[in-house]
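The file entry-v2.cif contains mmCIF, C-alpha atoms:
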data_data
loop_
_atom_site.group_PDB
_atom_site.id
_atom_site.type_symbol
_atom_site.label_atom_id
_atom_site.label_comp_id
_atom_site.auth_asym_id
_atom_site.auth_seq_id
_atom_site.Cartn_x
_atom_site.Cartn_y
_atom_site.Cartn_z
ATOM 1 C CA MET K 360 -24.007 -20.214 -21.682
ATOM 2 C CA ALA K 361 -24.178 -18.967 -18.085
ATOM 3 C CA ILE K 362 -27.092 -18.744 -15.659
ATOM 4 C CA ILE K 363 -26.960 -15.121 -14.540
ATOM 5 C CA ILE K 364 -28.806 -13.842 -11.482
ATOM 6 C CA MET K 365 -29.525 -10.154 -10.971
ATOM 7 C CA ALA K 366 -31.692 -8.457 -8.382
ATOM 8 C CA ASP K 367 -32.348 -5.065 -6.869
ATOM 9 C CA ILE K 368 -34.163 -3.696 -3.843
ATOM 10 C CA ILE K 369 -37.635 -2.336 -4.524
ATOM 11 C CA GLY K 370 -38.113 1.189 -3.217
ATOM 12 C CA SER K 371 -34.602 1.480 -1.808
ATOM 13 C CA SER K 372 -34.638 5.263 -2.273
ATOM 14 C CA ASP K 373 -37.583 5.512 0.143
ATOM 15 C CA THR K 374 -35.832 3.604 2.940
ATOM 16 C CA LYS K 375 -33.134 4.585 5.434
ATOM 17 C CA GLY K 376 -30.034 3.966 3.353
ATOM 18 C CA LYS K 377 -27.302 2.973 5.781
ATOM 19 C CA ALA K 378 -29.317 0.406 7.752
ATOM 20 C CA LEU K 379 -30.833 -1.072 4.592
ATOM 21 C CA MET K 380 -27.475 -1.407 2.854
ATOM 22 C CA ALA K 381 -25.917 -3.070 5.900
ATOM 23 C CA SER K 382 -28.791 -5.547 6.008
ATOM 24 C CA PHE K 383 -28.520 -6.123 2.250
ATOM 25 C CA MET K 384 -24.784 -6.803 2.466
ATOM 26 C CA ASN K 385 -25.289 -9.261 5.324
ATOM 27 C CA SER K 386 -28.046 -11.015 3.405
ATOM 28 C CA VAL K 387 -25.912 -11.422 0.274
ATOM 29 C CA GLU K 388 -23.075 -12.837 2.378
ATOM 30 C CA HIS K 389 -25.462 -15.237 4.114
ATOM 31 C CA ILE K 390 -26.937 -16.537 0.849
ATOM 32 C CA ASN K 391 -23.509 -16.951 -0.724
ATOM 33 C CA GLY K 392 -22.334 -18.928 2.291
ATOM 34 C CA GLY K 393 -25.304 -21.267 2.216
ATOM 35 C CA ASN K 394 -25.205 -21.903 -1.533
ATOM 36 C CA GLN K 395 -21.532 -22.350 -2.374
ATOM 37 C CA GLU K 396 -22.201 -25.640 -4.147
ATOM 38 C CA HIS K 397 -24.611 -23.880 -6.537
ATOM 39 C CA ILE K 398 -22.507 -20.808 -7.335
ATOM 40 C CA LEU K 399 -19.955 -20.238 -10.097
ATOM 41 C CA SER K 400 -19.474 -16.557 -9.318
ATOM 42 C CA PRO K 401 -20.816 -15.265 -5.997
ATOM 43 C CA LEU K 402 -23.624 -12.770 -5.616
ATOM 44 C CA THR K 403 -21.840 -9.417 -5.601
ATOM 45 C CA ILE K 404 -23.332 -6.016 -4.841
ATOM 46 C CA THR K 405 -22.714 -3.842 -7.884
ATOM 47 C CA LEU K 406 -24.726 -0.622 -7.599
ATOM 48 C CA GLY K 407 -25.461 -0.266 -3.900
ATOM 49 C CA ASP K 408 -28.965 -1.714 -4.009
ATOM 50 C CA GLU K 409 -28.321 -4.352 -6.678
ATOM 51 C CA PHE K 410 -26.416 -7.617 -6.987
ATOM 52 C CA GLN K 411 -25.393 -10.027 -9.701
ATOM 53 C CA GLY K 412 -23.942 -13.515 -9.710
ATOM 54 C CA VAL K 413 -23.667 -16.690 -11.759
ATOM 55 C CA ALA K 414 -25.203 -20.017 -10.775
ATOM 56 C CA LYS K 415 -23.955 -23.423 -11.908
ATOM 57 C CA ASN K 416 -27.365 -24.312 -13.336
ATOM 58 C CA ALA K 417 -31.041 -23.350 -13.294
ATOM 59 C CA TYR K 418 -31.689 -25.441 -10.185
ATOM 60 C CA GLY K 419 -29.027 -23.524 -8.272
ATOM 61 C CA ALA K 420 -30.400 -20.173 -9.420
ATOM 62 C CA ILE K 421 -33.937 -21.024 -8.332
ATOM 63 C CA LYS K 422 -32.762 -22.332 -4.980
ATOM 64 C CA ILE K 423 -30.890 -19.070 -4.403
ATOM 65 C CA LEU K 424 -34.020 -17.024 -5.168
ATOM 66 C CA LEU K 425 -36.194 -19.068 -2.825
ATOM 67 C CA ASP K 426 -33.544 -19.058 -0.090
ATOM 68 C CA PHE K 427 -33.213 -15.289 -0.381
ATOM 69 C CA GLU K 428 -36.973 -14.815 -0.107
ATOM 70 C CA TYR K 429 -37.142 -16.964 3.043
ATOM 71 C CA HIS K 430 -34.120 -15.219 4.554
ATOM 72 C CA ILE K 431 -35.579 -11.743 3.973
ATOM 73 C CA LEU K 432 -38.860 -12.748 5.560
ATOM 74 C CA ARG K 433 -37.048 -13.521 8.802
ATOM 75 C CA LEU K 434 -35.235 -10.179 8.985
ATOM 76 C CA LYS K 435 -36.196 -7.644 11.638
ATOM 77 C CA ASN K 436 -36.759 -5.082 8.871
ATOM 78 C CA PRO K 437 -37.580 -7.054 5.712
ATOM 79 C CA TYR K 438 -37.444 -5.552 2.221
ATOM 80 C CA LYS K 439 -38.508 -6.739 -1.224
ATOM 81 C CA LEU K 440 -36.302 -7.716 -4.147
ATOM 82 C CA ARG K 441 -37.054 -8.043 -7.828
ATOM 83 C CA TYR K 442 -35.078 -10.772 -9.594
ATOM 84 C CA VAL K 443 -33.981 -11.732 -13.082
ATOM 85 C CA VAL K 444 -32.507 -15.113 -14.002
ATOM 86 C CA PHE K 445 -31.084 -15.010 -17.521
ATOM 87 C CA GLU K 446 -29.310 -17.697 -19.519
ATOM 88 C CA GLY K 447 -26.787 -16.001 -21.766
ATOM 89 C CA ALA K 448 -23.179 -15.538 -22.759
ATOM 90 C CA ILE K 449 -20.342 -14.165 -20.646
ATOM 91 C CA GLU K 450 -17.387 -13.536 -22.938
ATOM 92 C CA THR K 451 -14.799 -12.900 -20.234
ATOM 93 C CA LYS K 452 -13.508 -15.502 -17.800
ATOM 94 C CA ILE K 453 -15.899 -16.325 -14.949
ATOM 95 C CA ASN K 454 -14.655 -14.544 -11.840
ATOM 96 C CA ARG K 455 -14.831 -17.145 -9.050
ATOM 97 C CA SER K 456 -14.319 -14.666 -6.209
ATOM 98 C CA SER K 457 -16.480 -11.740 -7.356
ATOM 99 C CA SER K 458 -19.021 -11.020 -10.063
ATOM 100 C CA HIS K 459 -17.306 -7.736 -10.905
ATOM 101 C CA GLN K 460 -15.241 -7.262 -14.059
ATOM 102 C CA MET K 461 -17.137 -9.740 -16.217
ATOM 103 C CA LEU K 462 -18.492 -8.776 -19.631
ATOM 104 C CA GLY K 463 -20.886 -10.390 -22.052
ATOM 105 C CA SER K 464 -24.159 -10.063 -23.914
ATOM 106 C CA GLY K 465 -25.876 -12.169 -21.251
ATOM 107 C CA LEU K 466 -25.029 -9.649 -18.537
ATOM 108 C CA THR K 467 -26.181 -6.753 -20.721
ATOM 109 C CA ARG K 468 -29.488 -8.410 -21.545
ATOM 110 C CA ALA K 469 -30.049 -9.487 -17.956
ATOM 111 C CA ARG K 470 -29.660 -5.869 -16.830
ATOM 112 C CA GLN K 471 -32.074 -4.746 -19.537
ATOM 113 C CA ALA K 472 -34.591 -7.320 -18.315
ATOM 114 C CA LEU K 473 -34.199 -6.069 -14.741
ATOM 115 C CA THR K 474 -34.805 -2.494 -15.885
ATOM 116 C CA GLU K 475 -37.899 -3.556 -17.828
ATOM 117 C CA LEU K 476 -39.200 -5.457 -14.792
ATOM 118 C CA LYS K 477 -39.343 -2.182 -12.847
ATOM 119 C CA SER K 478 -42.262 -1.013 -15.005
ATOM 120 C CA THR K 479 -44.375 -4.010 -13.933
ATOM 121 C CA LYS K 480 -45.750 -5.287 -10.633
ATOM 122 C CA ASN K 481 -43.860 -8.567 -11.014
ATOM 123 C CA ARG K 482 -40.787 -9.312 -8.884
ATOM 124 C CA PHE K 483 -39.528 -12.338 -10.838
ATOM 125 C CA LYS K 484 -38.486 -12.719 -14.462
ATOM 126 C CA LEU K 485 -36.831 -15.860 -15.788
ATOM 127 C CA LEU K 486 -35.419 -16.101 -19.297
ATOM 128 C CA LEU K 487 -33.871 -19.483 -20.102
ATOM 129 C CA LYS K 488 -33.122 -21.181 -23.422
ATOM 130 C CA ASP K 489 -35.730 -23.823 -22.620
ATOM 131 C CA GLU K 490 -38.922 -21.912 -23.453
ATOM 132 C CA LEU K 491 -41.283 -24.405 -21.800
ATOM 133 C CA LEU K 492 -39.273 -24.378 -18.575
ATOM 134 C CA THR K 493 -39.205 -20.580 -18.704
ATOM 135 C CA GLU K 494 -42.998 -20.462 -18.976
ATOM 136 C CA LYS K 495 -43.435 -22.919 -16.107
ATOM 137 C CA LEU K 496 -41.070 -21.030 -13.827
ATOM 138 C CA ASN K 497 -42.560 -17.617 -14.547
ATOM 139 C CA SER K 498 -46.031 -18.985 -13.895
ATOM 140 C CA GLY K 499 -44.859 -20.644 -10.692
ATOM 141 C CA PHE K 500 -43.209 -17.493 -9.385
ATOM 142 C CA PHE K 501 -46.303 -15.458 -10.298
ATOM 143 C CA VAL K 502 -48.294 -17.651 -7.899
ATOM 144 C CA PHE K 503 -45.474 -17.592 -5.321
ATOM 145 C CA GLN K 504 -45.411 -13.777 -5.343
ATOM 146 C CA GLY K 505 -49.193 -13.664 -5.106
ATOM 147 C CA ILE K 506 -48.986 -15.565 -1.825
ATOM 148 C CA VAL K 507 -45.970 -14.007 -0.098
ATOM 149 C CA ASP K 508 -46.721 -10.403 -1.056
ATOM 150 C CA ARG K 509 -50.101 -10.652 0.683
ATOM 151 C CA TRP K 510 -48.417 -11.211 4.046
ATOM 152 C CA THR K 511 -48.371 -8.059 6.166
ATOM 153 C CA VAL K 512 -45.851 -6.950 8.770
ATOM 154 C CA ALA K 513 -48.456 -7.641 11.471
ATOM 155 C CA GLN K 514 -48.798 -11.240 10.265
ATOM 156 C CA ARG K 515 -45.069 -11.885 9.965
ATOM 157 C CA ASN K 516 -44.456 -13.595 13.317
ATOM 158 C CA VAL K 517 -47.255 -16.078 12.708
ATOM 159 C CA VAL K 518 -46.094 -16.663 9.127
ATOM 160 C CA ILE K 519 -42.520 -17.355 10.216
ATOM 161 C CA ALA K 520 -43.696 -19.690 12.984
ATOM 162 C CA LEU K 521 -45.948 -21.635 10.587
ATOM 163 C CA LEU K 522 -43.219 -21.923 7.952
ATOM 164 C CA HIS K 523 -40.856 -23.266 10.588
ATOM 165 C CA ASN K 524 -43.481 -25.617 12.051
ATOM 166 C CA PRO K 525 -46.713 -26.150 10.070
ATOM 167 C CA ASP K 526 -48.408 -27.729 13.126
ATOM 168 C CA TYR K 527 -50.843 -24.973 14.054
ATOM 169 C CA ARG K 528 -51.290 -26.394 17.578
ATOM 170 C CA GLU K 529 -47.584 -25.980 18.322
ATOM 171 C CA VAL K 530 -47.532 -22.528 16.765
ATOM 172 C CA ALA K 531 -50.505 -21.497 18.908
ATOM 173 C CA LYS K 532 -48.424 -22.248 22.011
ATOM 174 C CA ILE K 533 -45.500 -20.216 20.684
ATOM 175 C CA VAL K 534 -47.519 -17.109 19.817
ATOM 176 C CA HIS K 535 -49.935 -17.499 22.757
ATOM 177 C CA LYS K 536 -53.070 -17.715 20.664
ATOM 178 C CA ASP K 537 -56.022 -20.077 20.626
ATOM 179 C CA PRO K 538 -55.352 -23.042 18.265
ATOM 180 C CA SER K 539 -58.545 -22.330 16.330
ATOM 181 C CA VAL K 540 -57.280 -18.812 15.573
ATOM 182 C CA ILE K 541 -53.968 -20.117 14.223
ATOM 183 C CA TRP K 542 -55.746 -22.812 12.206
ATOM 184 C CA ARG K 543 -57.818 -20.119 10.497
ATOM 185 C CA ARG K 544 -54.760 -17.973 9.926
ATOM 186 C CA LYS K 545 -52.866 -20.908 8.430
ATOM 187 C CA ARG K 546 -55.632 -21.215 5.869
ATOM 188 C CA SER K 547 -56.014 -17.489 5.189
ATOM 189 C CA LEU K 548 -52.250 -17.028 4.886
ATOM 190 C CA MET K 549 -52.126 -19.919 2.383
ATOM 191 C CA ILE K 550 -49.245 -21.652 4.151
ATOM 192 C CA GLU K 551 -49.925 -25.043 2.558
ATOM 193 C CA GLU K 552 -50.186 -23.401 -0.852
ATOM 194 C CA TYR K 553 -46.847 -21.680 -0.212
ATOM 195 C CA PHE K 554 -45.127 -25.011 0.446
ATOM 196 C CA SER K 555 -46.810 -26.558 -2.589
ATOM 197 C CA ILE K 556 -45.731 -23.859 -5.029
ATOM 198 C CA ARG K 557 -42.173 -23.875 -3.659
ATOM 199 C CA THR K 558 -42.014 -27.635 -4.210
ATOM 200 C CA LEU K 559 -43.524 -27.339 -7.680
ATOM 201 C CA ILE K 560 -41.034 -24.656 -8.720
ATOM 202 C CA MET K 561 -38.112 -26.804 -7.571
ATOM 203 C CA LEU K 562 -39.545 -29.838 -9.370
ATOM 204 C CA PHE K 563 -39.670 -27.833 -12.590
ATOM 205 C CA VAL K 564 -35.883 -27.496 -12.523
ATOM 206 C CA ASN K 565 -35.180 -30.899 -10.961
ATOM 207 C CA PRO K 566 -37.923 -33.482 -11.645
ATOM 208 C CA LYS K 567 -35.946 -36.127 -9.706
ATOM 209 C CA LEU K 568 -36.042 -34.040 -6.529
ATOM 210 C CA LYS K 569 -37.426 -36.004 -3.575
#
Output the file's structure as structure tokens, nothing else.
Amino acid sequence: MAIIIMADIIGSSDTKGKALMASFMNSVEHINGGNQEHILSPLTITLGDEFQGVAKNAYGAIKILLDFEYHILRLKNPYKLRYVVFEGAIETKINRSSSHQMLGSGLTRARQALTELKSTKNRFKLLLKDELLTEKLNSGFFVFQGIVDRWTVAQRNVVIALLHNPDYREVAKIVHKDPSVIWRRKRSLMIEEYFSIRTLIMLFVNPKLK
């Protein structure tokens, strides 16, 4: 069984195509480069606004999703992805250099799950053989999405600064705001909750994680 990752850009048809695709390609390359130890077959753009890849295990797949979310947040022109992680069969040999030219029921069902996800407001769908782990991860990502999708473009600089350095006093100096203002924003933006749910999600797939 393989841990398949698929994702596509939400609303890509409503965005300037060339700039978005260039950013998407750079992002995929960046995530592949930073997660080589977790990848069996690299994230590969398949349909212009979509990628697929194969992770070594569930931990690697979840780390890739969370890394991608953090990377996108820091982009000049961020976009949103919807993701599917599916544990299923790949009948052909795993392609170590590209996720093209692989076939299997797991890939077919993962793509079906991604299509079905488009009819919901959710951006994450995980389907693993371990049903309890699947339920935990889907619940965790539901909370994660509820936090990060509330952040607006106007709030982004403060969010990024607080994620990089949770000390609101230091962030206040960086963004030239009163510390009391940043303290209130840290609470309203649910920065501590963001870190907590990220940690909890990773602990689901690796309980020994320190």
Proximity to K:Lys484 - best of K:Lys415, K:Arg470, K:Arg515, K:Lys545, all atoms listed in the file: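 For K:Lys484, the nearest of the given residues is K:Arg470.
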Between atom CA of K:His523 and atom CA of K:Ser498, measure the distance and give it in Å to one decimal.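 The value is 25.4 Å.
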Leaving out K:His397 and any residue of its chain fewer than 6 positions from it, which residues lie within 10 Å of it when counting all atoms listed in the file, given as a ChimeraX atom specification? /K:391,413-423
Matched chain/residue IDs from the PyMOL selection byres ((chain K and resi 459) around 10), as a PyMOL selection string: chain K and resi 400-405+410-412+453-458+460-462
Please write as a short mmCIF file (atom, residue, chain, number, x, y, z; two decimals) with C-alpha atoms, in the frame of the given file the full residue list that the PyMOL selection byres ((chain K and resi 486) around 10) yields on this file.
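File selection.cif, as written:
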data_model
loop_
_atom_site.label_atom_id
_atom_site.label_comp_id
_atom_site.auth_asym_id
_atom_site.auth_seq_id
_atom_site.Cartn_x
_atom_site.Cartn_y
_atom_site.Cartn_z
CA ILE K 362 -27.09 -18.74 -15.66
CA ILE K 363 -26.96 -15.12 -14.54
CA VAL K 443 -33.98 -11.73 -13.08
CA VAL K 444 -32.51 -15.11 -14.00
CA PHE K 445 -31.08 -15.01 -17.52
CA GLU K 446 -29.31 -17.70 -19.52
CA GLY K 447 -26.79 -16.00 -21.77
CA ARG K 468 -29.49 -8.41 -21.54
CA ALA K 469 -30.05 -9.49 -17.96
CA ALA K 472 -34.59 -7.32 -18.32
CA LYS K 484 -38.49 -12.72 -14.46
CA LEU K 485 -36.83 -15.86 -15.79
CA LEU K 487 -33.87 -19.48 -20.10
CA LYS K 488 -33.12 -21.18 -23.42
CA ASP K 489 -35.73 -23.82 -22.62
CA GLU K 490 -38.92 -21.91 -23.45
CA LEU K 492 -39.27 -24.38 -18.58
CA THR K 493 -39.20 -20.58 -18.70
CA GLU K 494 -43.00 -20.46 -18.98
CA LEU K 496 -41.07 -21.03 -13.83
CA ASN K 497 -42.56 -17.62 -14.55
#
K:Leu434, K:Leu476, K:Val517, K:Ile556 ranked by distance to K:Arg543, top pick (using only C-alpha atoms):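 The closest residue to K:Arg543 is K:Val517.
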Ground truth for the PyMOL selection byres ((chain K and resi 427) around 12), written as a ChimeraX atom specification: /K:366,383,385-394,402,420-426,428-434,437-442
One-decimal distance in Å that lies between atom CA of K:Ile368 and atom CA of K:Met561: 23.7 Å
